[in-house]
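Working notes for the structure below.
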There are 2 protein chains.
Amino acid sequence: MKVALIGGTGNIGEGLAFRLKLAGYDIIIGSRSEEKAKSKAEHFNNLVESLGGKGDIEGRLNDEAAELADVAVITIPWQHAFETAERLKNKLKGKIVISPIVPMVVENGIFRYTPPEEGSAGLKLQRILGESSVVVAFNNIPAKRFANPAEKFEWDVAVCSDDDDAKKVVMEIVSSIKGLRAFDAGSLDSSRTIEALTPMLINLAKKNKTVELGVRFV
Amino acid sequence: MKVALIGGTGNIGEGLAFRLKLAGYDIIIGSRSEEKAKSKAEHFNNLVESLGGKGDIEGRLNDEAAELADVAVITIPWQHAFETAERLKNKLKGKIVISPIVPMVVENGIFRYTPPEEGSAGLKLQRILGESSVVVAFNNIPAKRFANPAEKFEWDVAVCSDDDDAKKVVMEIVSSIKGLRAFDAGSLDSSRTIEALTPMLINLAKKNKTVELGVRFV
């Protein structure tokens, strides 16, 4: 199964690139620049090979990556995620699109969730990509720790979607990564709570002077 | 320090009664009926003694419990919590009031957070109890498991308040219970996210066919 990281390795894309490759998925890194896509792919191929895997991650323009993919993850900062989705809409038709997007701002050092009028980034993305199956997942993963191959973690990933089959596929993708457990969080309506948790986790980590924090449901 | 459980042992009151007593706090069980308060106190005293503690939990009318307490926990179903707070307002002046309140409804088997217009139950309670220090805590604790003395758990408790001193006191109360860790979650504004997490945890447990779920920040 081909998984495209649209926007390359922003957000949790960095961790997903090598971890999903090592888990057996075909990975395409998408970027607005072909050169950048290829140089990132090369970087991750070296990393994957140093970890004992096969370095055959492809670097492509976002449009090609979307076209070739079975599953696309939107790994773009939230400020630009929706316009890119709009632009790639036709290429993503009939596909599974994963949204780890969390719209938020910092005010006086405090992170605050700023959902769009649709109620959440996931709901907005599904409105834009009416003919794709949007699945919200990976929102609560601490990106930097996830990007570190030496990091040990046990995190849970709440997965929600209005398409049950797509949700199952994404839960399998989540579970393929060592240290992650997938939880079915129901329909896309749940995305508001899942997304809102991210700025809270960042604030908790800052306030309590810990490393980046993920979540576990126990 | 005297901790009153206003409304007795609804919500997480049952677990708090014997766990906080065993942790060394003086506990008063409040109820609308003196008879009910006393019979509940007796029940918990037997439990505390069977667990090796001193069974001196008092049962009182809510008004007396609020009057005698240093810290009051509102352990009343959300539908009635605010009118009770309104009624006890004068008795609670200058005191710390803990809100584990989570307003929610069930629709087609799915729990949904229904915050009041103030933005959260904690914010509403602080509006009503203008001269008390409202601290939001214990909202994400699975009540039934918490009520079981044999249960082993490791849960985290996000604590928020606009009064930093009151928050510190409550974080100590939380930490006095074995298996609970307190996290400073900032100002009362964070209560919306903390409260919203509870219906999500209930839905996750149902959907994924697990026991009641708490949360851990790791």
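Here's how to read the names in the structure tokens: chain A, B, ... by the order shown, residue numbers from 1 in each chain, ligand numbers from 1 in the order shown.
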Based on the backbone DSSP call, show me all residues of stretch 36-187 of chain B assigned alpha helix (DSSP H), as a short mmCIF file (atom, residue, chain, number, x, y, z; two decimals) with all heavy atoms, in the first residue's frame.
data_model
loop_
_atom_site.label_atom_id
_atom_site.label_comp_id
_atom_site.auth_asym_id
_atom_site.auth_seq_id
_atom_site.Cartn_x
_atom_site.Cartn_y
_atom_site.Cartn_z
N LYS B 36 -29.40 10.09 55.11
CA LYS B 36 -28.63 9.52 54.00
C LYS B 36 -27.13 9.80 54.20
O LYS B 36 -26.28 8.94 53.99
CB LYS B 36 -29.10 10.15 52.69
CG LYS B 36 -28.99 9.23 51.49
CD LYS B 36 -29.72 9.82 50.28
CE LYS B 36 -29.33 9.10 49.01
NZ LYS B 36 -29.92 9.75 47.82
N ALA B 37 -26.83 11.02 54.62
CA ALA B 37 -25.43 11.41 54.85
C ALA B 37 -24.81 10.50 55.90
O ALA B 37 -23.69 9.99 55.73
CB ALA B 37 -25.36 12.87 55.29
N LYS B 38 -25.55 10.28 56.97
CA LYS B 38 -25.01 9.46 58.07
C LYS B 38 -24.87 8.01 57.66
O LYS B 38 -23.90 7.34 58.02
CB LYS B 38 -25.91 9.61 59.32
CG LYS B 38 -25.77 10.98 59.97
CD LYS B 38 -26.24 10.98 61.42
CE LYS B 38 -26.28 12.40 62.00
NZ LYS B 38 -25.02 13.16 61.88
N SER B 39 -25.82 7.50 56.89
CA SER B 39 -25.71 6.08 56.52
C SER B 39 -24.57 5.88 55.51
O SER B 39 -23.87 4.86 55.55
CB SER B 39 -27.06 5.54 56.01
OG SER B 39 -27.17 5.69 54.63
N LYS B 40 -24.38 6.87 54.64
CA LYS B 40 -23.24 6.77 53.71
C LYS B 40 -21.92 6.87 54.46
O LYS B 40 -20.97 6.15 54.17
CB LYS B 40 -23.32 7.88 52.66
CG LYS B 40 -24.36 7.59 51.61
CD LYS B 40 -24.19 8.46 50.38
CE LYS B 40 -25.16 8.00 49.29
NZ LYS B 40 -25.06 8.82 48.08
N ALA B 41 -21.86 7.78 55.41
CA ALA B 41 -20.64 7.94 56.20
C ALA B 41 -20.31 6.61 56.90
O ALA B 41 -19.15 6.17 56.93
CB ALA B 41 -20.80 9.07 57.20
N GLU B 42 -21.34 5.98 57.44
CA GLU B 42 -21.14 4.71 58.15
C GLU B 42 -20.60 3.64 57.19
O GLU B 42 -19.65 2.93 57.52
CB GLU B 42 -22.47 4.24 58.77
CG GLU B 42 -22.28 3.20 59.86
CD GLU B 42 -23.60 2.54 60.26
OE1 GLU B 42 -24.66 3.20 60.13
OE2 GLU B 42 -23.55 1.35 60.65
N HIS B 43 -21.22 3.59 56.00
CA HIS B 43 -20.75 2.64 54.98
C HIS B 43 -19.26 2.84 54.69
O HIS B 43 -18.48 1.88 54.64
CB HIS B 43 -21.59 2.81 53.71
CG HIS B 43 -20.99 2.19 52.49
ND1 HIS B 43 -20.98 0.84 52.27
CD2 HIS B 43 -20.33 2.75 51.43
CE1 HIS B 43 -20.37 0.58 51.12
NE2 HIS B 43 -19.96 1.72 50.60
N PHE B 44 -18.87 4.11 54.51
CA PHE B 44 -17.46 4.38 54.16
C PHE B 44 -16.54 4.17 55.35
O PHE B 44 -15.39 3.77 55.18
CB PHE B 44 -17.31 5.76 53.54
CG PHE B 44 -17.74 5.75 52.12
CD1 PHE B 44 -18.96 6.26 51.73
CD2 PHE B 44 -16.93 5.15 51.16
CE1 PHE B 44 -19.37 6.19 50.40
CE2 PHE B 44 -17.33 5.07 49.83
CZ PHE B 44 -18.56 5.59 49.45
N ASN B 45 -17.05 4.41 56.55
CA ASN B 45 -16.22 4.16 57.73
C ASN B 45 -15.90 2.67 57.87
O ASN B 45 -14.78 2.29 58.21
CB ASN B 45 -16.89 4.71 58.99
CG ASN B 45 -16.72 6.23 59.06
OD1 ASN B 45 -15.70 6.75 58.59
ND2 ASN B 45 -17.69 6.92 59.63
N ASN B 46 -16.89 1.85 57.58
CA ASN B 46 -16.65 0.40 57.61
C ASN B 46 -15.60 0.02 56.56
O ASN B 46 -14.68 -0.76 56.84
CB ASN B 46 -17.95 -0.37 57.35
CG ASN B 46 -18.92 -0.25 58.52
OD1 ASN B 46 -18.50 -0.02 59.67
ND2 ASN B 46 -20.21 -0.38 58.24
N LEU B 47 -15.74 0.60 55.38
CA LEU B 47 -14.79 0.31 54.30
C LEU B 47 -13.38 0.77 54.69
O LEU B 47 -12.40 0.02 54.55
CB LEU B 47 -15.25 1.00 53.01
CG LEU B 47 -14.31 0.88 51.79
CD1 LEU B 47 -14.09 -0.57 51.41
CD2 LEU B 47 -14.88 1.65 50.59
N VAL B 48 -13.29 2.00 55.21
CA VAL B 48 -11.99 2.55 55.59
C VAL B 48 -11.33 1.68 56.66
O VAL B 48 -10.14 1.37 56.59
CB VAL B 48 -12.14 4.01 56.08
CG1 VAL B 48 -10.89 4.48 56.81
CG2 VAL B 48 -12.43 4.94 54.90
N GLU B 49 -12.13 1.24 57.63
CA GLU B 49 -11.56 0.40 58.69
C GLU B 49 -11.13 -0.96 58.16
O GLU B 49 -10.09 -1.49 58.56
CB GLU B 49 -12.54 0.29 59.86
CG GLU B 49 -12.64 1.65 60.54
CD GLU B 49 -13.45 1.68 61.84
OE1 GLU B 49 -14.05 0.65 62.18
OE2 GLU B 49 -13.46 2.76 62.47
N SER B 50 -11.90 -1.49 57.20
CA SER B 50 -11.51 -2.78 56.62
C SER B 50 -10.21 -2.63 55.82
O SER B 50 -9.51 -3.60 55.57
CB SER B 50 -12.62 -3.32 55.71
OG SER B 50 -12.62 -2.64 54.47
N ASN B 62 -25.75 19.02 53.40
CA ASN B 62 -24.86 19.75 52.49
C ASN B 62 -24.44 21.12 53.04
O ASN B 62 -23.28 21.50 52.93
CB ASN B 62 -25.54 19.94 51.12
CG ASN B 62 -25.38 18.72 50.21
OD1 ASN B 62 -24.42 17.96 50.35
ND2 ASN B 62 -26.31 18.55 49.30
N ASP B 63 -25.40 21.85 53.62
CA ASP B 63 -25.10 23.20 54.12
C ASP B 63 -24.04 23.16 55.21
O ASP B 63 -23.11 23.98 55.22
CB ASP B 63 -26.35 23.84 54.72
CG ASP B 63 -27.46 23.97 53.70
OD1 ASP B 63 -27.90 22.93 53.16
OD2 ASP B 63 -27.86 25.11 53.44
N GLU B 64 -24.20 22.21 56.13
CA GLU B 64 -23.22 22.09 57.22
C GLU B 64 -21.87 21.63 56.68
O GLU B 64 -20.83 22.11 57.11
CB GLU B 64 -23.72 21.07 58.26
CG GLU B 64 -25.00 21.47 58.95
CD GLU B 64 -25.60 20.33 59.78
OE1 GLU B 64 -25.02 19.21 59.77
OE2 GLU B 64 -26.66 20.54 60.39
N ALA B 65 -21.92 20.70 55.74
CA ALA B 65 -20.68 20.18 55.14
C ALA B 65 -19.91 21.33 54.47
O ALA B 65 -18.70 21.48 54.65
CB ALA B 65 -20.99 19.08 54.12
N ALA B 66 -20.63 22.17 53.73
CA ALA B 66 -20.01 23.31 53.04
C ALA B 66 -19.43 24.28 54.07
O ALA B 66 -18.33 24.81 53.90
CB ALA B 66 -21.03 24.00 52.16
N GLU B 67 -20.17 24.50 55.13
CA GLU B 67 -19.76 25.43 56.19
C GLU B 67 -18.48 24.96 56.88
O GLU B 67 -17.56 25.75 57.13
CB GLU B 67 -20.90 25.52 57.22
CG GLU B 67 -20.61 26.36 58.44
CD GLU B 67 -21.33 27.70 58.37
OE1 GLU B 67 -22.54 27.69 58.07
OE2 GLU B 67 -20.67 28.74 58.58
N LEU B 68 -18.41 23.67 57.16
CA LEU B 68 -17.28 23.11 57.93
C LEU B 68 -16.03 22.89 57.09
O LEU B 68 -14.93 22.79 57.63
CB LEU B 68 -17.70 21.76 58.54
CG LEU B 68 -18.73 21.82 59.68
CD1 LEU B 68 -19.29 20.42 59.94
CD2 LEU B 68 -18.09 22.39 60.95
N TRP B 78 -24.30 16.71 36.88
CA TRP B 78 -24.19 18.07 36.33
C TRP B 78 -25.54 18.77 36.21
O TRP B 78 -25.60 19.99 36.33
CB TRP B 78 -23.47 18.04 34.98
CG TRP B 78 -24.23 17.40 33.86
CD1 TRP B 78 -24.20 16.08 33.50
CD2 TRP B 78 -25.13 18.04 32.95
NE1 TRP B 78 -25.03 15.87 32.42
CE2 TRP B 78 -25.62 17.06 32.06
CE3 TRP B 78 -25.58 19.35 32.79
CZ2 TRP B 78 -26.53 17.33 31.04
CZ3 TRP B 78 -26.49 19.64 31.77
CH2 TRP B 78 -26.96 18.62 30.91
N GLN B 79 -26.60 18.00 36.02
CA GLN B 79 -27.91 18.63 35.85
C GLN B 79 -28.35 19.41 37.09
O GLN B 79 -29.17 20.32 37.00
CB GLN B 79 -28.99 17.56 35.54
CG GLN B 79 -28.81 16.86 34.20
CD GLN B 79 -27.98 15.59 34.30
OE1 GLN B 79 -27.18 15.43 35.23
NE2 GLN B 79 -28.13 14.69 33.36
N HIS B 80 -27.82 19.00 38.27
CA HIS B 80 -28.24 19.65 39.52
C HIS B 80 -27.12 20.39 40.22
O HIS B 80 -27.33 21.04 41.24
CB HIS B 80 -28.83 18.59 40.47
CG HIS B 80 -29.91 17.77 39.82
ND1 HIS B 80 -31.13 18.30 39.48
CD2 HIS B 80 -29.93 16.49 39.39
CE1 HIS B 80 -31.87 17.37 38.89
NE2 HIS B 80 -31.16 16.25 38.82
N ALA B 81 -25.91 20.27 39.68
CA ALA B 81 -24.74 20.81 40.37
C ALA B 81 -24.81 22.33 40.54
O ALA B 81 -24.48 22.87 41.60
CB ALA B 81 -23.47 20.44 39.60
N PHE B 82 -25.27 23.01 39.49
CA PHE B 82 -25.20 24.47 39.51
C PHE B 82 -26.22 25.08 40.46
O PHE B 82 -25.93 26.06 41.14
CB PHE B 82 -25.35 25.02 38.09
CG PHE B 82 -24.30 24.46 37.15
CD1 PHE B 82 -24.66 23.63 36.10
CD2 PHE B 82 -22.96 24.74 37.35
CE1 PHE B 82 -23.69 23.09 35.26
CE2 PHE B 82 -21.98 24.21 36.51
CZ PHE B 82 -22.36 23.37 35.47
N GLU B 83 -27.43 24.49 40.52
CA GLU B 83 -28.43 25.03 41.45
C GLU B 83 -27.98 24.80 42.90
O GLU B 83 -28.20 25.66 43.76
CB GLU B 83 -29.84 24.46 41.17
CG GLU B 83 -30.00 22.98 41.44
CD GLU B 83 -31.16 22.31 40.70
OE1 GLU B 83 -31.32 22.56 39.48
OE2 GLU B 83 -31.91 21.52 41.33
N THR B 84 -27.34 23.67 43.15
CA THR B 84 -26.83 23.42 44.51
C THR B 84 -25.72 24.42 44.85
O THR B 84 -25.69 24.97 45.97
CB THR B 84 -26.28 21.98 44.62
OG1 THR B 84 -27.32 21.07 44.27
CG2 THR B 84 -25.81 21.68 46.03
N ALA B 85 -24.84 24.67 43.89
CA ALA B 85 -23.75 25.64 44.12
C ALA B 85 -24.34 27.02 44.44
O ALA B 85 -23.89 27.71 45.36
CB ALA B 85 -22.85 25.71 42.89
N GLU B 86 -25.32 27.40 43.66
CA GLU B 86 -26.01 28.68 43.87
C GLU B 86 -26.53 28.79 45.31
O GLU B 86 -26.34 29.79 45.99
CB GLU B 86 -27.18 28.76 42.87
CG GLU B 86 -27.91 30.07 42.82
CD GLU B 86 -27.13 31.17 42.11
OE1 GLU B 86 -26.72 30.94 40.96
OE2 GLU B 86 -26.89 32.23 42.73
N ARG B 87 -27.13 27.69 45.77
CA ARG B 87 -27.75 27.66 47.09
C ARG B 87 -26.69 27.72 48.21
O ARG B 87 -26.93 28.28 49.28
CB ARG B 87 -28.60 26.38 47.23
CG ARG B 87 -29.82 26.51 48.12
CD ARG B 87 -30.75 25.32 47.99
NE ARG B 87 -30.06 24.03 48.08
CZ ARG B 87 -29.52 23.54 49.17
NH1 ARG B 87 -29.56 24.18 50.31
NH2 ARG B 87 -28.91 22.36 49.14
N LEU B 88 -25.51 27.12 47.94
CA LEU B 88 -24.47 27.04 48.98
C LEU B 88 -23.44 28.16 48.87
O LEU B 88 -22.45 28.19 49.62
CB LEU B 88 -23.74 25.68 48.87
CG LEU B 88 -24.58 24.43 49.10
CD1 LEU B 88 -23.74 23.19 48.89
CD2 LEU B 88 -25.16 24.42 50.53
N ALA B 121 -18.23 23.70 32.46
CA ALA B 121 -18.85 23.63 33.78
C ALA B 121 -18.00 24.38 34.80
O ALA B 121 -18.52 25.08 35.68
CB ALA B 121 -19.04 22.17 34.20
N GLY B 122 -16.68 24.24 34.69
CA GLY B 122 -15.78 24.92 35.62
C GLY B 122 -15.93 26.43 35.55
O GLY B 122 -15.97 27.11 36.59
N LEU B 123 -16.03 26.95 34.32
CA LEU B 123 -16.18 28.40 34.16
C LEU B 123 -17.53 28.87 34.69
O LEU B 123 -17.64 29.92 35.32
CB LEU B 123 -16.03 28.78 32.68
CG LEU B 123 -14.59 28.67 32.13
CD1 LEU B 123 -14.58 28.66 30.60
CD2 LEU B 123 -13.72 29.83 32.66
N LYS B 124 -18.56 28.05 34.48
CA LYS B 124 -19.89 28.41 34.99
C LYS B 124 -19.89 28.41 36.52
O LYS B 124 -20.44 29.31 37.15
CB LYS B 124 -20.95 27.43 34.45
CG LYS B 124 -22.36 27.74 34.96
CD LYS B 124 -23.43 26.97 34.22
CE LYS B 124 -24.81 27.37 34.76
NZ LYS B 124 -25.89 26.98 33.84
N LEU B 125 -19.26 27.38 37.08
CA LEU B 125 -19.22 27.28 38.55
C LEU B 125 -18.48 28.49 39.13
O LEU B 125 -18.89 29.05 40.16
CB LEU B 125 -18.54 25.97 38.96
CG LEU B 125 -18.81 25.51 40.39
CD1 LEU B 125 -20.27 25.13 40.56
CD2 LEU B 125 -17.93 24.32 40.75
N GLN B 126 -17.38 28.90 38.47
CA GLN B 126 -16.64 30.06 38.96
C GLN B 126 -17.47 31.35 38.85
O GLN B 126 -17.37 32.22 39.69
CB GLN B 126 -15.32 30.20 38.21
CG GLN B 126 -14.43 31.32 38.72
CD GLN B 126 -13.95 31.11 40.17
OE1 GLN B 126 -13.00 30.42 40.42
NE2 GLN B 126 -14.65 31.72 41.14
N ARG B 127 -18.30 31.43 37.81
CA ARG B 127 -19.18 32.59 37.68
C ARG B 127 -20.19 32.62 38.84
O ARG B 127 -20.43 33.66 39.46
CB ARG B 127 -19.93 32.56 36.35
CG ARG B 127 -20.83 33.80 36.16
CD ARG B 127 -21.66 33.77 34.90
NE ARG B 127 -22.60 32.67 34.77
CZ ARG B 127 -23.67 32.46 35.53
NH1 ARG B 127 -23.95 33.28 36.53
NH2 ARG B 127 -24.46 31.42 35.32
N ILE B 128 -20.74 31.44 39.16
CA ILE B 128 -21.74 31.37 40.24
C ILE B 128 -21.08 31.64 41.59
O ILE B 128 -21.59 32.40 42.41
CB ILE B 128 -22.42 29.97 40.26
CG1 ILE B 128 -23.24 29.78 38.98
CG2 ILE B 128 -23.29 29.80 41.50
CD1 ILE B 128 -23.74 28.35 38.77
N ALA B 143 -15.17 6.57 37.20
CA ALA B 143 -15.77 6.56 38.55
C ALA B 143 -15.89 5.16 39.16
O ALA B 143 -15.57 4.96 40.33
CB ALA B 143 -17.13 7.25 38.51
N LYS B 144 -16.35 4.21 38.35
CA LYS B 144 -16.59 2.87 38.93
C LYS B 144 -15.29 2.19 39.32
O LYS B 144 -15.19 1.60 40.39
CB LYS B 144 -17.38 1.99 37.94
CG LYS B 144 -18.86 2.34 37.95
CD LYS B 144 -19.67 1.36 37.11
CE LYS B 144 -21.02 1.99 36.76
NZ LYS B 144 -21.30 1.94 35.31
N ARG B 145 -14.30 2.27 38.44
CA ARG B 145 -13.01 1.65 38.79
C ARG B 145 -12.39 2.34 40.00
O ARG B 145 -11.79 1.70 40.87
CB ARG B 145 -12.05 1.70 37.59
CG ARG B 145 -12.49 0.80 36.43
CD ARG B 145 -11.58 0.92 35.22
NE ARG B 145 -10.20 0.54 35.52
CZ ARG B 145 -9.17 0.82 34.72
NH1 ARG B 145 -9.38 1.49 33.59
NH2 ARG B 145 -7.95 0.46 35.04
N PHE B 146 -12.55 3.67 40.05
CA PHE B 146 -12.00 4.45 41.16
C PHE B 146 -12.67 4.09 42.49
O PHE B 146 -12.06 4.17 43.55
CB PHE B 146 -12.21 5.93 40.85
CG PHE B 146 -11.44 6.90 41.70
CD1 PHE B 146 -10.06 6.82 41.81
CD2 PHE B 146 -12.09 7.92 42.38
CE1 PHE B 146 -9.34 7.74 42.58
CE2 PHE B 146 -11.40 8.84 43.16
CZ PHE B 146 -10.02 8.75 43.26
N ALA B 147 -13.93 3.65 42.39
CA ALA B 147 -14.70 3.31 43.60
C ALA B 147 -14.33 1.93 44.14
O ALA B 147 -14.70 1.58 45.26
CB ALA B 147 -16.19 3.36 43.28
N ASP B 164 -3.84 30.34 41.49
CA ASP B 164 -2.67 29.44 41.52
C ASP B 164 -2.47 28.76 42.87
O ASP B 164 -2.04 27.60 42.93
CB ASP B 164 -1.40 30.22 41.14
CG ASP B 164 -1.28 30.40 39.63
OD1 ASP B 164 -2.01 29.69 38.88
OD2 ASP B 164 -0.48 31.26 39.19
N ASP B 165 -2.77 29.48 43.96
CA ASP B 165 -2.58 28.87 45.29
C ASP B 165 -3.58 27.74 45.50
O ASP B 165 -3.23 26.66 46.00
CB ASP B 165 -2.74 29.93 46.39
CG ASP B 165 -1.62 30.97 46.33
OD1 ASP B 165 -0.50 30.61 45.89
OD2 ASP B 165 -1.87 32.14 46.68
N ALA B 166 -4.81 27.99 45.11
CA ALA B 166 -5.84 26.95 45.24
C ALA B 166 -5.47 25.74 44.38
O ALA B 166 -5.63 24.59 44.80
CB ALA B 166 -7.20 27.51 44.82
N LYS B 167 -4.95 26.03 43.21
CA LYS B 167 -4.56 24.94 42.31
C LYS B 167 -3.49 24.07 42.95
O LYS B 167 -3.54 22.83 42.88
CB LYS B 167 -4.06 25.51 40.97
CG LYS B 167 -3.69 24.48 39.94
CD LYS B 167 -3.66 25.06 38.52
CE LYS B 167 -2.69 26.22 38.40
NZ LYS B 167 -2.66 26.74 37.02
N LYS B 168 -2.52 24.72 43.62
CA LYS B 168 -1.45 23.96 44.29
C LYS B 168 -2.02 23.04 45.37
O LYS B 168 -1.60 21.89 45.50
CB LYS B 168 -0.43 24.91 44.92
CG LYS B 168 0.76 25.14 44.00
CD LYS B 168 1.79 26.08 44.63
CE LYS B 168 2.43 26.92 43.55
NZ LYS B 168 2.69 28.30 43.96
N VAL B 169 -2.96 23.56 46.15
CA VAL B 169 -3.59 22.75 47.21
C VAL B 169 -4.26 21.52 46.58
O VAL B 169 -4.11 20.39 47.06
CB VAL B 169 -4.62 23.58 48.01
CG1 VAL B 169 -5.41 22.69 48.96
CG2 VAL B 169 -3.91 24.71 48.77
N VAL B 170 -4.98 21.74 45.50
CA VAL B 170 -5.71 20.63 44.88
C VAL B 170 -4.74 19.64 44.22
O VAL B 170 -4.96 18.43 44.28
CB VAL B 170 -6.75 21.16 43.86
CG1 VAL B 170 -7.42 20.01 43.11
CG2 VAL B 170 -7.80 22.00 44.58
N MET B 171 -3.64 20.15 43.66
CA MET B 171 -2.66 19.22 43.08
C MET B 171 -2.07 18.33 44.17
O MET B 171 -1.79 17.15 43.93
CB MET B 171 -1.57 19.99 42.34
CG MET B 171 -2.08 20.60 41.02
SD MET B 171 -0.84 21.57 40.11
CE MET B 171 0.22 20.24 39.48
N GLU B 172 -1.92 18.89 45.38
CA GLU B 172 -1.45 18.05 46.49
C GLU B 172 -2.48 17.00 46.89
O GLU B 172 -2.14 15.86 47.21
CB GLU B 172 -1.14 18.92 47.72
CG GLU B 172 0.29 19.42 47.74
CD GLU B 172 0.53 20.44 48.86
OE1 GLU B 172 -0.04 20.27 49.97
OE2 GLU B 172 1.27 21.41 48.61
N ILE B 173 -3.74 17.42 46.90
CA ILE B 173 -4.81 16.47 47.22
C ILE B 173 -4.81 15.32 46.20
O ILE B 173 -4.87 14.15 46.56
CB ILE B 173 -6.19 17.19 47.25
CG1 ILE B 173 -6.24 18.17 48.43
CG2 ILE B 173 -7.34 16.18 47.31
CD1 ILE B 173 -7.50 19.03 48.48
N VAL B 174 -4.72 15.68 44.92
CA VAL B 174 -4.69 14.67 43.85
C VAL B 174 -3.51 13.71 44.07
O VAL B 174 -3.67 12.48 44.06
CB VAL B 174 -4.55 15.34 42.46
CG1 VAL B 174 -4.25 14.29 41.39
CG2 VAL B 174 -5.81 16.13 42.11
N SER B 175 -2.34 14.29 44.31
CA SER B 175 -1.13 13.47 44.42
C SER B 175 -1.11 12.60 45.66
O SER B 175 -0.32 11.66 45.74
CB SER B 175 0.11 14.38 44.45
OG SER B 175 0.10 15.24 43.34
#
Chain A residues near chain B (6 Å cut-off, only C-alpha atoms) as a PyMOL selection string
chain A and resi 185+204+213-218
Could you please write out, as a ChimeraX atom specification, every residue of stretch 8-202 of chain B that DSSP assigns to strand (DSSP E or B)?
/B:26-31,58-61,71-74,96-99,104-107,110-113,133-136,155-161,180-184
Write the selection just made, keeping C-alpha atoms, as an mmCIF file, in the first residue's frame?
data_model
loop_
_atom_site.group_PDB
_atom_site.id
_atom_site.type_symbol
_atom_site.label_atom_id
_atom_site.label_comp_id
_atom_site.auth_asym_id
_atom_site.auth_seq_id
_atom_site.Cartn_x
_atom_site.Cartn_y
_atom_site.Cartn_z
ATOM 1 C CA ASP B 26 -10.752 14.725 57.210
ATOM 2 C CA ILE B 27 -13.803 13.863 55.150
ATOM 3 C CA ILE B 28 -17.379 15.079 55.427
ATOM 4 C CA ILE B 29 -20.061 13.480 53.308
ATOM 5 C CA GLY B 30 -22.770 16.012 52.495
ATOM 6 C CA SER B 31 -26.288 15.149 51.438
ATOM 7 C CA GLU B 58 -18.766 12.529 59.147
ATOM 8 C CA GLY B 59 -22.185 12.625 57.515
ATOM 9 C CA ARG B 60 -23.867 16.054 57.392
ATOM 10 C CA LEU B 61 -26.430 18.092 55.557
ATOM 11 C CA VAL B 71 -12.229 22.334 50.417
ATOM 12 C CA ALA B 72 -15.528 21.257 48.865
ATOM 13 C CA VAL B 73 -15.891 18.831 45.958
ATOM 14 C CA ILE B 74 -19.140 19.129 44.001
ATOM 15 C CA ILE B 96 -11.618 26.031 47.414
ATOM 16 C CA VAL B 97 -14.317 24.329 45.374
ATOM 17 C CA ILE B 98 -13.315 21.390 43.191
ATOM 18 C CA SER B 99 -15.314 20.798 40.014
ATOM 19 C CA MET B 104 -22.884 15.562 28.729
ATOM 20 C CA VAL B 105 -25.743 13.761 27.046
ATOM 21 C CA VAL B 106 -26.076 10.391 25.316
ATOM 22 C CA GLU B 107 -27.473 10.319 21.782
ATOM 23 C CA ILE B 110 -22.697 8.198 21.807
ATOM 24 C CA PHE B 111 -21.749 10.521 24.667
ATOM 25 C CA ARG B 112 -21.512 14.178 23.712
ATOM 26 C CA TYR B 113 -20.113 17.086 25.698
ATOM 27 C CA SER B 133 -11.671 29.551 44.144
ATOM 28 C CA VAL B 134 -12.924 26.997 41.661
ATOM 29 C CA VAL B 135 -10.424 24.312 40.683
ATOM 30 C CA VAL B 136 -11.265 21.845 37.917
ATOM 31 C CA TRP B 155 -4.082 7.884 35.857
ATOM 32 C CA ASP B 156 -3.196 11.510 35.324
ATOM 33 C CA VAL B 157 -5.339 14.377 36.518
ATOM 34 C CA ALA B 158 -5.261 17.698 34.672
ATOM 35 C CA VAL B 159 -5.878 20.468 37.213
ATOM 36 C CA CYS B 160 -6.756 24.023 36.220
ATOM 37 C CA SER B 161 -7.833 27.176 38.028
ATOM 38 C CA LEU B 180 -2.837 9.512 40.498
ATOM 39 C CA ARG B 181 -0.448 12.153 39.142
ATOM 40 C CA ALA B 182 -1.451 15.814 39.071
ATOM 41 C CA PHE B 183 -0.641 17.990 36.039
ATOM 42 C CA ASP B 184 -0.912 21.773 36.108
#
In Å, how far is it from atom CA of A:Asp56 to atom CA of A:Arg19?
13.2 Å
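Atom CA of A:Arg32 to atom CA of A:Lys54 spans 25.1 Å [interatomic distance, one decimal].
Atom CA of B:Ser132 is positioned 4.8 Å from atom CA of B:Gly94.
Distances from A:Ile141, A:Leu188, A:Ile57, A:Leu92 to A:Gly8 were compared using only C-alpha atoms, and the smallest one belongs to A:Ile57.
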Extract, using only C-alpha atoms, all DNA, RNA and protein residues at most 8 Å from A:Asn11, discarding same-chain residues fewer than 2 positions from it, and format them as a PyMOL selection string.
chain A and resi 9+13-14+75-77+143
